[in-house]
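Asker: To be precise about what I am sending: the file is called target-v9.cif and holds mmCIF, C-alpha atoms and all ligand atoms.
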data_protein
#
loop_
_atom_site.label_atom_id
_atom_site.label_comp_id
_atom_site.auth_asym_id
_atom_site.auth_seq_id
_atom_site.Cartn_x
_atom_site.Cartn_y
_atom_site.Cartn_z
CA MET A 117 16.10 91.84 -88.06
CA THR A 118 13.16 92.98 -85.94
CA THR A 119 10.45 90.75 -84.60
CA ASP A 120 6.87 91.89 -84.49
CA LEU A 121 5.88 91.15 -80.88
CA SER A 122 2.44 92.75 -81.14
CA VAL A 123 -0.65 90.76 -80.21
CA GLN A 124 -4.28 91.36 -81.10
CA ILE A 125 -7.06 90.31 -78.70
CA GLY A 126 -10.39 91.27 -80.23
CA THR A 127 -9.99 95.00 -80.82
CA LEU A 128 -7.29 95.26 -78.16
CA SER A 129 -3.74 95.72 -79.46
CA LEU A 130 -0.80 94.90 -77.21
CA ARG A 131 2.74 95.99 -78.10
CA ASN A 132 4.01 92.67 -76.75
CA PRO A 133 2.37 89.60 -75.18
CA ILE A 134 3.33 90.28 -71.55
CA LEU A 135 0.65 91.37 -69.08
CA THR A 136 0.85 91.63 -65.32
CA ALA A 137 -1.69 89.38 -63.54
CA SER A 138 -4.64 90.58 -61.49
CA GLY A 139 -4.01 90.86 -57.77
CA THR A 140 -0.24 90.86 -58.11
CA PHE A 141 0.16 94.40 -59.48
CA GLY A 142 -2.30 96.45 -57.44
CA TYR A 143 -3.75 99.29 -59.50
CA ALA A 144 -0.35 99.80 -61.24
CA SER A 145 0.65 103.00 -59.36
CA GLU A 146 2.19 100.76 -56.67
CA TYR A 147 4.83 99.76 -59.27
CA GLU A 148 5.44 103.22 -60.70
CA THR A 149 9.02 103.53 -59.48
CA MET A 150 9.93 99.96 -60.42
CA VAL A 151 8.44 99.24 -63.86
CA ASP A 152 8.57 101.11 -67.19
CA PHE A 153 5.02 100.46 -68.31
CA ASN A 154 5.92 101.25 -71.92
CA LYS A 155 7.99 98.07 -72.09
CA ILE A 156 5.12 95.65 -71.38
CA GLY A 157 1.93 94.83 -73.23
CA GLY A 158 -0.45 95.72 -70.45
CA ILE A 159 -1.42 95.60 -66.80
CA ILE A 160 -4.43 93.86 -65.30
CA THR A 161 -5.91 95.50 -62.22
CA LYS A 162 -6.91 93.90 -58.95
CA GLY A 163 -10.38 92.36 -59.34
CA ILE A 164 -13.12 94.99 -59.02
CA SER A 165 -16.53 94.22 -57.53
CA PRO A 166 -19.78 96.23 -57.42
CA GLU A 167 -19.13 97.16 -53.76
CA PRO A 168 -15.83 97.64 -51.87
CA ARG A 169 -14.54 94.55 -50.05
CA LEU A 170 -12.08 94.26 -47.17
CA GLY A 171 -11.26 90.63 -47.97
CA ASN A 172 -10.33 87.99 -45.40
CA ILE A 173 -8.56 88.67 -42.13
CA GLN A 174 -4.83 87.90 -41.79
CA PRO A 175 -3.05 85.58 -42.31
CA ARG A 176 -4.08 85.48 -45.95
CA ILE A 177 -0.83 84.54 -47.69
CA TRP A 178 1.33 81.48 -47.01
CA GLU A 179 4.62 80.92 -48.82
CA THR A 180 5.48 77.37 -49.92
CA GLU A 181 8.78 76.04 -51.34
CA SER A 182 7.76 77.00 -54.86
CA GLY A 183 4.81 79.34 -54.74
CA LEU A 184 2.20 81.09 -52.63
CA ILE A 185 -1.14 80.05 -51.24
CA ASN A 186 -3.40 83.06 -50.92
CA ALA A 187 -6.88 83.68 -49.64
CA ILE A 188 -7.00 87.45 -49.94
CA GLY A 189 -10.76 87.29 -50.30
CA LEU A 190 -10.94 89.66 -53.29
CA ASP A 191 -10.13 92.76 -51.26
CA ASN A 192 -10.77 95.79 -53.54
CA VAL A 193 -11.96 99.39 -53.59
CA GLY A 194 -15.22 98.69 -55.48
CA VAL A 195 -16.26 100.12 -58.82
CA GLU A 196 -17.17 103.67 -57.68
CA ASP A 197 -13.92 104.32 -55.89
CA PHE A 198 -12.02 102.64 -58.73
CA GLU A 199 -13.38 105.26 -61.13
CA ARG A 200 -12.86 108.10 -58.66
CA SER A 201 -9.40 107.30 -57.31
CA LYS A 202 -7.60 104.77 -59.55
CA LEU A 203 -8.59 105.39 -63.14
CA ASP A 204 -6.94 108.81 -63.60
CA TYR A 205 -3.55 107.25 -62.99
CA LEU A 206 -4.28 104.29 -65.28
CA ARG A 207 -5.29 106.67 -68.08
CA LYS A 208 -1.77 108.12 -68.04
CA ILE A 209 0.28 104.94 -68.28
CA ASP A 210 1.60 103.85 -71.67
CA CYS A 211 0.38 100.27 -71.95
CA ALA A 212 -3.00 98.54 -72.23
CA VAL A 213 -5.20 98.68 -69.13
CA VAL A 214 -7.27 95.58 -68.50
CA VAL A 215 -9.74 95.68 -65.61
CA ASN A 216 -10.40 92.38 -63.86
CA PHE A 217 -13.90 92.15 -62.39
CA PHE A 218 -16.24 89.75 -60.59
CA ALA A 219 -19.69 89.62 -59.01
CA GLU A 220 -22.05 87.19 -57.33
CA SER A 221 -24.82 86.92 -59.92
CA ILE A 222 -25.11 86.96 -63.69
CA GLU A 223 -27.06 90.24 -63.64
CA SER A 224 -24.43 91.82 -61.47
CA TYR A 225 -21.57 90.69 -63.79
CA ALA A 226 -23.45 92.21 -66.73
CA ARG A 227 -24.08 95.51 -64.94
CA LEU A 228 -20.45 95.77 -63.88
CA ALA A 229 -19.17 94.88 -67.38
CA GLY A 230 -21.37 97.63 -68.81
CA THR A 231 -20.18 100.20 -66.26
CA LEU A 232 -16.46 99.37 -66.47
CA GLY A 233 -16.52 98.88 -70.24
CA SER A 234 -17.84 102.41 -70.80
CA MET A 235 -15.10 104.10 -68.74
CA THR A 236 -12.51 106.04 -70.74
CA GLY A 237 -9.12 104.50 -70.10
CA VAL A 238 -10.36 100.93 -69.77
CA ASP A 239 -8.98 99.05 -72.78
CA ALA A 240 -10.33 95.58 -71.99
CA LEU A 241 -12.12 93.61 -69.30
CA GLU A 242 -11.12 90.32 -67.72
CA ALA A 243 -14.04 88.50 -66.06
CA ASN A 244 -12.92 86.36 -63.13
CA ILE A 245 -15.48 83.54 -63.11
CA SER A 246 -13.86 81.58 -60.25
CA CYS A 247 -16.43 83.13 -57.94
CA PRO A 248 -19.37 81.68 -56.04
CA ASN A 249 -22.69 81.92 -57.87
CA VAL A 250 -24.93 82.86 -54.97
CA LYS A 251 -28.07 81.69 -56.78
CA ALA A 252 -26.49 78.28 -57.52
CA GLY A 253 -25.72 77.60 -53.85
CA GLY A 254 -22.18 79.00 -54.04
CA ARG A 255 -20.94 76.74 -56.84
CA GLU A 256 -18.37 78.64 -58.89
CA PHE A 257 -19.47 79.94 -62.31
CA GLY A 258 -16.21 78.72 -63.80
CA VAL A 259 -16.66 75.03 -63.06
CA ASP A 260 -19.86 74.61 -65.07
CA PRO A 261 -19.94 75.19 -68.87
CA VAL A 262 -23.57 76.40 -68.75
CA ALA A 263 -23.00 78.95 -65.98
CA ALA A 264 -19.68 80.01 -67.57
CA ALA A 265 -21.46 80.61 -70.89
CA GLU A 266 -24.33 82.49 -69.24
CA VAL A 267 -22.08 84.87 -67.37
CA THR A 268 -19.98 85.44 -70.51
CA LEU A 269 -23.00 86.09 -72.73
CA ALA A 270 -24.55 88.53 -70.25
CA SER A 271 -21.25 90.43 -69.92
CA ARG A 272 -20.73 90.36 -73.70
CA GLU A 273 -24.16 91.85 -74.33
CA ALA A 274 -23.49 94.62 -71.82
CA THR A 275 -20.36 96.02 -73.47
CA ASP A 276 -18.37 96.32 -76.70
CA CYS A 277 -15.13 96.46 -74.73
CA PRO A 278 -12.81 93.50 -75.49
CA LEU A 279 -13.81 90.73 -73.07
CA ILE A 280 -11.37 88.17 -71.68
CA VAL A 281 -12.79 85.41 -69.50
CA LYS A 282 -10.49 83.97 -66.84
CA LEU A 283 -11.09 80.26 -66.32
CA SER A 284 -10.80 78.11 -63.23
CA PRO A 285 -8.13 75.37 -63.33
CA ASP A 286 -10.26 73.20 -61.04
CA VAL A 287 -12.20 71.45 -63.82
CA SER A 288 -11.95 68.03 -65.43
CA ASN A 289 -12.18 69.32 -69.01
CA ILE A 290 -10.98 72.87 -69.58
CA GLY A 291 -11.68 72.53 -73.31
CA ASP A 292 -15.43 72.26 -72.60
CA ILE A 293 -15.43 75.42 -70.51
CA ALA A 294 -13.23 77.30 -72.99
CA SER A 295 -15.54 76.33 -75.87
CA ALA A 296 -18.65 77.38 -73.95
CA VAL A 297 -17.12 80.75 -73.16
CA ALA A 298 -15.82 81.27 -76.72
CA ASN A 299 -19.24 80.44 -78.20
CA ALA A 300 -20.81 82.93 -75.79
CA GLY A 301 -18.72 85.74 -77.26
CA ALA A 302 -15.47 86.00 -75.27
CA ASP A 303 -12.59 87.57 -77.22
CA ALA A 304 -10.00 85.50 -75.31
CA VAL A 305 -9.64 83.21 -72.31
CA THR A 306 -7.11 83.41 -69.51
CA VAL A 307 -5.91 79.98 -68.38
CA ALA A 308 -6.03 79.93 -65.41
CA ASN A 309 -6.79 81.26 -61.96
CA SER A 310 -5.05 79.87 -58.83
CA MET A 311 -5.27 76.15 -57.92
CA PRO A 312 -7.32 75.26 -54.81
CA ALA A 313 -4.82 74.39 -52.08
CA MET A 314 -4.18 74.39 -48.35
CA ALA A 315 -1.44 74.18 -45.73
CA ILE A 316 -1.65 73.23 -42.03
CA ASP A 317 0.61 74.15 -39.10
CA ILE A 318 1.64 70.79 -37.61
CA ASN A 319 2.09 72.25 -34.11
CA THR A 320 -1.15 74.15 -33.72
CA ARG A 321 -3.03 71.89 -36.22
CA GLU A 322 -4.59 75.07 -37.58
CA PRO A 323 -4.65 76.02 -41.24
CA ARG A 324 -1.97 78.50 -42.28
CA LEU A 325 -4.64 80.80 -43.70
CA SER A 326 -7.47 82.36 -41.72
CA PHE A 327 -9.89 81.25 -44.43
CA GLY A 328 -8.75 77.64 -44.10
CA ARG A 329 -7.88 77.16 -47.74
CA GLY A 330 -6.66 79.26 -50.62
CA GLY A 331 -5.24 79.25 -54.13
CA LEU A 332 -1.74 78.08 -55.09
CA THR A 333 0.21 80.21 -57.59
CA GLY A 334 3.83 80.54 -58.70
CA PRO A 335 6.33 78.10 -60.26
CA ALA A 336 4.68 75.03 -58.64
CA VAL A 337 1.62 75.35 -60.87
CA ARG A 338 3.38 76.03 -64.19
CA PRO A 339 3.50 72.47 -65.62
CA ILE A 340 -0.15 71.96 -64.73
CA VAL A 341 -1.16 75.24 -66.36
CA MET A 342 1.02 74.34 -69.38
CA ARG A 343 -1.19 71.30 -69.95
CA LEU A 344 -4.38 73.32 -69.39
CA VAL A 345 -3.23 75.93 -71.93
CA HIS A 346 -2.50 73.20 -74.44
CA ASP A 347 -5.91 71.58 -73.90
CA ALA A 348 -7.75 74.90 -74.16
CA ALA A 349 -5.85 75.80 -77.34
CA GLN A 350 -6.96 72.52 -78.92
CA ALA A 351 -10.59 73.39 -78.15
CA VAL A 352 -10.94 77.03 -79.27
CA ASP A 353 -9.76 79.47 -81.93
CA ILE A 354 -9.81 82.60 -79.76
CA PRO A 355 -6.50 83.68 -78.14
CA ILE A 356 -5.40 81.97 -74.92
CA ILE A 357 -3.65 84.05 -72.27
CA ALA A 358 -1.52 81.86 -69.98
CA SER A 359 -1.47 82.65 -66.25
CA GLY A 360 0.32 80.30 -63.88
CA GLY A 361 3.90 80.25 -62.71
CA ALA A 362 5.64 82.17 -65.49
CA THR A 363 8.91 83.41 -64.04
CA THR A 364 11.28 83.98 -66.97
CA TRP A 365 11.12 84.56 -70.74
CA ARG A 366 11.74 80.81 -71.22
CA ASP A 367 8.41 80.11 -69.54
CA VAL A 368 6.80 82.64 -71.89
CA VAL A 369 8.18 80.83 -74.94
CA GLU A 370 7.06 77.47 -73.53
CA PHE A 371 3.51 78.76 -72.91
CA MET A 372 3.42 80.11 -76.47
CA LEU A 373 4.54 76.77 -77.88
CA ALA A 374 1.71 75.16 -75.88
CA GLY A 375 -0.78 77.53 -77.55
CA ALA A 376 -0.82 80.81 -75.62
CA SER A 377 -0.90 84.10 -77.53
CA ALA A 378 -0.02 86.12 -74.43
CA VAL A 379 1.32 85.41 -70.94
CA GLN A 380 0.70 86.98 -67.54
CA ALA A 381 3.39 87.61 -64.95
CA GLY A 382 1.83 87.13 -61.49
CA THR A 383 3.47 85.91 -58.30
CA VAL A 384 6.91 86.63 -59.77
CA ASN A 385 6.17 90.38 -59.44
CA PHE A 386 6.51 90.00 -55.66
CA VAL A 387 10.01 88.55 -56.05
CA ASN A 388 11.23 90.54 -59.03
CA PRO A 389 9.15 93.60 -59.99
CA GLN A 390 11.10 93.86 -63.26
CA ALA A 391 10.15 90.31 -64.31
CA SER A 392 7.53 91.35 -66.87
CA ILE A 393 10.02 93.61 -68.67
CA GLU A 394 12.68 90.90 -68.58
CA MET A 395 10.17 88.48 -70.09
CA ALA A 396 9.38 90.82 -72.98
CA GLU A 397 13.06 91.54 -73.65
CA GLY A 398 14.05 87.87 -73.41
CA LEU A 399 11.25 86.85 -75.78
CA GLU A 400 12.47 89.39 -78.32
CA ARG A 401 16.07 88.09 -78.08
CA TYR A 402 14.85 84.50 -78.46
CA CYS A 403 12.87 85.40 -81.58
CA GLN A 404 15.82 87.23 -83.09
CA HIS A 405 18.18 84.38 -82.30
CA HIS A 406 15.81 81.89 -83.97
CA ALA A 407 14.95 84.20 -86.89
CA ILE A 408 11.26 84.29 -85.90
CA ASP A 409 9.68 87.39 -87.39
CA SER A 410 6.14 86.95 -86.08
CA LEU A 411 4.86 85.41 -82.86
CA ALA A 412 2.27 83.51 -84.88
CA GLU A 413 5.13 81.17 -85.85
CA LEU A 414 5.50 80.19 -82.19
CA VAL A 415 1.93 79.94 -80.93
CA GLY A 416 0.81 76.32 -80.64
CA SER A 417 3.82 75.00 -82.55
CA ALA A 418 4.96 72.43 -79.95
CA LYS A 419 5.68 69.16 -81.75
CA MET A 420 3.29 66.84 -79.95
CA PRO A 421 3.53 63.06 -80.37
C1 LIG A 501 -2.08 87.71 -53.97
C2 LIG A 501 -2.86 87.32 -55.20
C3 LIG A 501 -4.07 87.97 -55.48
C4 LIG A 501 -4.80 87.64 -56.62
N1 LIG A 501 -5.97 88.29 -56.89
C5 LIG A 501 -6.67 87.99 -58.02
C6 LIG A 501 -7.88 88.70 -58.36
O1 LIG A 501 -8.31 89.62 -57.68
N2 LIG A 501 -8.55 88.30 -59.48
C7 LIG A 501 -8.10 87.29 -60.29
O2 LIG A 501 -8.73 86.99 -61.30
N3 LIG A 501 -6.94 86.64 -60.01
C8 LIG A 501 -6.23 86.96 -58.90
N4 LIG A 501 -5.06 86.29 -58.62
C9 LIG A 501 -4.57 85.24 -59.54
C10 LIG A 501 -3.50 85.80 -60.48
O3 LIG A 501 -4.02 86.83 -61.29
C11 LIG A 501 -2.91 84.69 -61.39
O4 LIG A 501 -3.91 84.19 -62.24
C12 LIG A 501 -2.33 83.57 -60.56
O5 LIG A 501 -1.56 84.11 -59.54
C13 LIG A 501 -1.49 82.60 -61.40
O6 LIG A 501 -0.38 83.22 -61.96
P1 LIG A 501 1.09 83.22 -61.26
O7 LIG A 501 1.41 81.80 -60.90
O8 LIG A 501 1.98 83.78 -62.33
O9 LIG A 501 0.99 84.09 -60.07
C14 LIG A 501 -4.31 86.62 -57.49
C15 LIG A 501 -3.10 85.98 -57.20
C16 LIG A 501 -2.37 86.32 -56.08
C17 LIG A 501 -1.04 85.63 -55.80
#
Render the structure in this file as structure tokens.

Answerer:
Amino acid sequence: MTTDLSVQIGTLSLRNPILTASGTFGYASEYETMVDFNKIGGIITKGISPEPRLGNIQPRIWETESGLINAIGLDNVGVEDFERSKLDYLRKIDCAVVVNFFAESIESYARLAGTLGSMTGVDALEANISCPNVKAGGREFGVDPVAAAEVTLASREATDCPLIVKLSPDVSNIGDIASAVANAGADAVTVANSMPAMAIDINTREPRLSFGRGGLTGPAVRPIVMRLVHDAAQAVDIPIIASGGATTWRDVVEFMLAGASAVQAGTVNFVNPQASIEMAEGLERYCQHHAIDSLAELVGSAKMP
């Protein structure tokens, strides 16, 4: 028996539900010798901004017992250099290419969505809305349903490319934000970006990261993101893409039971570059073992009290 692992997100078709998470997979070429791209659903690029950014100074990653705290500062080549030096390679790889992007104003998100969405080789866009809205005094777009909807609508109107909106976990009701974004035209939501976190050196009393604080990712966040995925899935009908601590195929199955249609492999890529392939293969074995012929049978089927 074969299981159909394919997933549809708007007009984007994935051969299986495993994607590599933004910022943990470079621009894909970095993994060329380690990953067979034709075994995963897709890759998501490092977040692209209108202008190049150097990011924060070192140290910008701190390892904890069960994850990472990072404050990279959205280091990236910028949209022009992305098109000139990264896109040719991405056009050649045999899996979906999703470009993560961010900006500091609604107009700038829309312009960037229009530019990236029209590039040949870009199969979908993922808007990172956990970014400071300069006009709103630096408050993140993703923590306010109105701002989240505005930035989604403006990006939606700028492009026909499938649009995924990546939500912040730092909200009291993720269902409200997911609904606002879905009503504004998003094809899917990613739940979620890294959790605000910090660590301090007890000898120097200085923060471990130059920026002072950062975002926690990896296995530590998985149960929290599991709950966020479940809550978001209760609130919207568009696909949910889980991002937070997935390490093995078992985590993929669990996220799907909670309501995710696809799952991102992030921090685990740093430990095991083959993890995304192992997740896809393990999911297929699980489905065959349990005589599941379509992933739709799994998604959101957790038996809640
Ligand atoms: C070093 C690093 C850089 C990241 N850069 C980005 C980024 O540029 N844009 C973005 O939306 N998310 C970024 N993320 C968040 C990841 O895409 C992912 O959502 C998060 O790590 C949670 O998944 P994980 O626990 O599987 O790593 C980054 C994460 C890490 C660890």

Asker: What are the closest atom pairs, with distances in Å to one decimal, for each residue of chain A lying within 7 Å of ligand LIG 501 (chain A), using all atoms listed in the file, rows by chain and rising residue number, as a tab-separated table?

Answerer:
residue	atom	partner	partner_atom	distance
A:Ala137	CA	A:LIG501	O3	4.1
A:Ser138	CA	A:LIG501	O3	3.8
A:Gly139	CA	A:LIG501	N1	3.3
A:Thr140	CA	A:LIG501	C2	5.3
A:Lys162	CA	A:LIG501	O1	4.7
A:Gly163	CA	A:LIG501	O1	3.8
A:Leu184	CA	A:LIG501	C17	6.4
A:Asn186	CA	A:LIG501	C1	5.7
A:Ile188	CA	A:LIG501	C3	6.3
A:Leu190	CA	A:LIG501	O1	5.1
A:Asn216	CA	A:LIG501	O2	6.2
A:Asn244	CA	A:LIG501	O2	4.6
A:Lys282	CA	A:LIG501	O2	6.6
A:Ala308	CA	A:LIG501	O4	5.7
A:Asn309	CA	A:LIG501	O4	4.1
A:Ser310	CA	A:LIG501	C12	4.9
A:Thr333	CA	A:LIG501	O7	3.9
A:Gly334	CA	A:LIG501	O7	3.5
A:Pro335	CA	A:LIG501	O7	6.2
A:Val337	CA	A:LIG501	O7	6.5
A:Arg338	CA	A:LIG501	O7	6.9
A:Ser359	CA	A:LIG501	O6	4.5
A:Gly360	CA	A:LIG501	O7	3.5
A:Gly361	CA	A:LIG501	O7	3.4
A:Ala362	CA	A:LIG501	O8	5.1
A:Gln380	CA	A:LIG501	O8	6.2
A:Ala381	CA	A:LIG501	O8	4.8
A:Gly382	CA	A:LIG501	O8	3.5
A:Thr383	CA	A:LIG501	O9	3.5
A:Val384	CA	A:LIG501	O8	6.2

Asker: Could you write out the selected residues, including C-alpha atoms, as a PDB file, in the frame of the given file?

Answerer:
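Written out: selection-v2.pdb:
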ATOM      1  CA  ALA A 137      -1.690  89.380 -63.540  1.00  0.00           C
ATOM      2  CA  SER A 138      -4.640  90.580 -61.490  1.00  0.00           C
ATOM      3  CA  GLY A 139      -4.010  90.860 -57.770  1.00  0.00           C
ATOM      4  CA  THR A 140      -0.240  90.860 -58.110  1.00  0.00           C
ATOM      5  CA  LYS A 162      -6.910  93.900 -58.950  1.00  0.00           C
ATOM      6  CA  GLY A 163     -10.380  92.360 -59.340  1.00  0.00           C
ATOM      7  CA  LEU A 184       2.200  81.090 -52.630  1.00  0.00           C
ATOM      8  CA  ASN A 186      -3.400  83.060 -50.920  1.00  0.00           C
ATOM      9  CA  ILE A 188      -7.000  87.450 -49.940  1.00  0.00           C
ATOM     10  CA  LEU A 190     -10.940  89.660 -53.290  1.00  0.00           C
ATOM     11  CA  ASN A 216     -10.400  92.380 -63.860  1.00  0.00           C
ATOM     12  CA  ASN A 244     -12.920  86.360 -63.130  1.00  0.00           C
ATOM     13  CA  LYS A 282     -10.490  83.970 -66.840  1.00  0.00           C
ATOM     14  CA  ALA A 308      -6.030  79.930 -65.410  1.00  0.00           C
ATOM     15  CA  ASN A 309      -6.790  81.260 -61.960  1.00  0.00           C
ATOM     16  CA  SER A 310      -5.050  79.870 -58.830  1.00  0.00           C
ATOM     17  CA  THR A 333       0.210  80.210 -57.590  1.00  0.00           C
ATOM     18  CA  GLY A 334       3.830  80.540 -58.700  1.00  0.00           C
ATOM     19  CA  PRO A 335       6.330  78.100 -60.260  1.00  0.00           C
ATOM     20  CA  VAL A 337       1.620  75.350 -60.870  1.00  0.00           C
ATOM     21  CA  ARG A 338       3.380  76.030 -64.190  1.00  0.00           C
ATOM     22  CA  SER A 359      -1.470  82.650 -66.250  1.00  0.00           C
ATOM     23  CA  GLY A 360       0.320  80.300 -63.880  1.00  0.00           C
ATOM     24  CA  GLY A 361       3.900  80.250 -62.710  1.00  0.00           C
ATOM     25  CA  ALA A 362       5.640  82.170 -65.490  1.00  0.00           C
ATOM     26  CA  GLN A 380       0.700  86.980 -67.540  1.00  0.00           C
ATOM     27  CA  ALA A 381       3.390  87.610 -64.950  1.00  0.00           C
ATOM     28  CA  GLY A 382       1.830  87.130 -61.490  1.00  0.00           C
ATOM     29  CA  THR A 383       3.470  85.910 -58.300  1.00  0.00           C
ATOM     30  CA  VAL A 384       6.910  86.630 -59.770  1.00  0.00           C
TER      31      VAL A 384
END

Asker: Atom CA of A:Ala187 and atom CA of A:Ser165 are how many Å apart?

Answerer: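 Atom CA of A:Ser165 lies 16.3 Å from atom CA of A:Ala187.
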
Asker: Using all atoms listed in the file, which of A:Asn154, A:Asn289, A:Thr275, A:Ser122 sits nearest A:Ala351?

Answerer: A:Asn289

Asker: Extract, using all atoms listed in the file, all DNA, RNA and protein residues at most 6 Å from A:Ile357, discarding same-chain residues fewer than 3 positions from it, and format them as a ChimeraX atom specification.

Answerer: /A:306,376-379

Asker: Could you work out how far atom CA of A:Leu332 lies from atom CA of A:Ala348, giving the answer in Å with one decimal?

Answerer: 20.2 Å

Asker: Env of A:Gly157: 8 Å cut, atoms = all atoms listed in the file, seq-sep filter 3 positions within chain, self excluded. Answer as a list in words.

Answerer: Leu130, Arg131, Asn132, Pro133, Ile134, Leu135, Asn154, Cys211 and Ala212 of chain A

Asker: From the list A:Leu128, A:Ile156, A:Ile280, A:Leu203, which residue is nearest A:Met395 when using only C-alpha atoms?

Answerer: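 That would be A:Ile156, the residue with the smallest distance to A:Met395.
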
Asker: What does the structure give for the distance between atom CA of A:Phe218 and atom CA of A:Ile173, in Å to one decimal?

Answerer: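 Interatomic distance here is 20.0 Å.
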
Asker: Check the smallest atom-to-atom distance from each of A:Val369, A:Ile393, A:Ala264, A:Val287 to A:Phe153 using all atoms listed in the file, then report the winner.

Answerer: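 Nearest to A:Phe153: A:Ile393.
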
Asker: If we count only C-alpha atoms, what is near A:Ala349 at a cut-off of 10 Å, once residues fewer than 5 positions away on the same chain are taken out, given as a PyMOL selection string?

Answerer: chain A and resi 290-291+294-295+305+307+343-344+354-357+374-377+415-416

Asker: May I ask which of the residues A:Ile316, A:Leu399, A:Met311, A:Ala226 is the closest one to A:Asp276, counting only C-alpha atoms?

Answerer: A:Ala226

Asker: Counting all atoms listed in the file, figure out which residue out of A:Leu279, A:Ala336, A:Ala391, A:Ala315 gets nearest to A:Thr363.

Answerer: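 Ranked by minimum distance to A:Thr363, first place goes to A:Ala391.
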
Asker: Extract, using only C-alpha atoms, all DNA, RNA and protein residues at most 12 Å from A:Glu148, discarding same-chain residues fewer than 6 positions from it, and format them as a compact mmCIF listing (two decimals) with C-alpha atoms, in the frame of the given file.

Answerer:
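As a result, around36.txt now contains:
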# COMPACT_ATOMS: atom_id res chain seq x y z
CA PHE A 141 0.16 94.40 -59.48
CA GLY A 142 -2.30 96.45 -57.44
CA ASN A 154 5.92 101.25 -71.92
CA ILE A 159 -1.42 95.60 -66.80
CA TYR A 205 -3.55 107.25 -62.99
CA LEU A 206 -4.28 104.29 -65.28
CA LYS A 208 -1.77 108.12 -68.04
CA ILE A 209 0.28 104.94 -68.28
CA ASP A 210 1.60 103.85 -71.67
CA PRO A 389 9.15 93.60 -59.99
CA GLN A 390 11.10 93.86 -63.26

Asker: For each of A:Ala358, A:Phe386, A:Pro166, A:Val345, take the minimum atom-to-atom distance to A:Glu179, counting all atoms listed in the file, then give the residue where this is smallest.

Answerer: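 Looking only at the distances to A:Glu179, the closest residue turns out to be A:Phe386.
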
Asker: Could you please give me, as a ChimeraX atom specification, the residues of protein, DNA or RNA lying at most 6 Å from (-21.4, 98.6, -72.0) in the coordinate frame of the file, considering all atoms listed in the file?

Answerer: /A:230,233-234,274-275
